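A quick write-up on the structure given underneath.
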Amino acid sequence: MTGYLERKLRERFGPRPLWALVTGASRNPGVGSGIAGELMAAGFNVVAHCGRSARNPWLDDIALQHRQEVLQLQMDFSDAAAMAGFVNRIEDAVGDAGVDRAGFSFDVIVHVAGISAWDEVAPEIDLAAIQSLMQVNAWSAFTLTQALWQRRRVTAPGGLIVFIGSNHWYKVYSGFLGYAVSKSAIERIACHFAKDLAPHDVQVAHTTLGWVDCERHRIAQDEGRYDYEQACSVLPTRKPVAAWECGGEVLGLLLTPSRIGNSSRLDAGEHLLGQ
Ligand SMILES: NC(=O)c1ccc[n+]([C@@H]2O[C@H](COP(=O)([O-])OP(=O)(O)OC[C@H]3O[C@@H](n4cnc5c(N)ncnc54)[C@H](OP(=O)(O)O)[C@@H]3O)[C@@H](O)[C@H]2O)c1
């Protein structure tokens, strides 16, 4: 950790151990593991959520390298009713790791877990397909944030909650109706949490990232379902964002706290909260 970053984090959170929750951290490379890795390098212990995969061994290596704790918990977010149970499991896991359970809270929460689909043209898409994208991409992040807040598991004052969206919330690409609807919802959810948690001095951000080099895209490219070069050609950077850069984006939000809900240096789009 750089001296500057360490000083800023200590000013914000004090001398105690730092804890972050990152959902959707099971893939490598992937947005969630990139963020979890950078947070560990910056001195955070991490609760890393995995979806259908049991765990991400890469995160264990990074935790060892930076002498931080990583607790990996698996949960399928397609079951809306399961989210409160997930918070129970988080509380048990941190308690088992020797953390004072009563006073425990997350300094940083990053909602990454999400699914995508790219062959859903509007006249044909099935409502059930949209509903399932909404559940995993939007409702799970909403109910998890609510449950954590109601149980006082969000550091206040000082905490940061990041909702990972997509530029699909404001740009229209054919074939992505369900994904776009879910990402528009997450943007609004972020803005409302930002406004309502502002009096508690909790920072809430929504960020769109850009086109990230991840396992999912690599597989699609290998299977001839996606043209990597073409996808990147429309980006301002003309190259994919590396997964670790997504972690840099989250650390950037911690270093320059603002009430900007929609910001992404990686994706050139910048929109003021609530507008
Ligand atoms: N890659 C990009 O270019 C890009 C750009 C902007 C935004 N994003 C956003 O970043 C997030 C992660 O994307 P990624 O590209 O890193 O994809 P990814 O590698 O496929 O990661 C998705 C994560 O979500 C988890 N997940 C999927 N379905 C789930 C379910 N039903 N329950 C619980 N967890 C589930 C996955 O876990 P399992 O695989 O273990 O099930 C995985 O950890 C998504 O929200 C995506 O919209 C990505």
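Following the order of the structure tokens, chains are lettered A, B, ..., residues in each are numbered from 1, and ligands are numbered from 1.
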Open item on the list: Going by DSSP on the backbone, which residues of region 130-206 of chain A come out as alpha helix (DSSP H)? List them as number ranges by chain.
Closed with: A: 130-134, 140-150, 177-197
TODO: List all protein, DNA and RNA residues that have at least one atom no more than 6 Å from any atom of ligand 1, counting only C-alpha atoms and all ligand atoms, and write them as an MDAnalysis selection string.
DONE: chainID A and resid 24:27 30:32 50:53 75:78 112:115 136 164:166 208:212 214:216
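The residue that comes closest to Ile189 (chain A), out of A:Phe86, A:Trp118, A:Phe44, A:Phe142 and on the basis of only C-alpha atoms, is A:Phe142.
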TODO: May I ask for the distance between CA of Gln135 (chain A) and CA of Gly224 (chain A), given in Å to one decimal place?
DONE: 28.3 Å
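Ranking A:Leu160, A:Ala185, A:Met83, A:Leu144 by their shortest atom-to-atom distance to Arg12 (chain A), with only C-alpha atoms included, puts A:Leu160 first.
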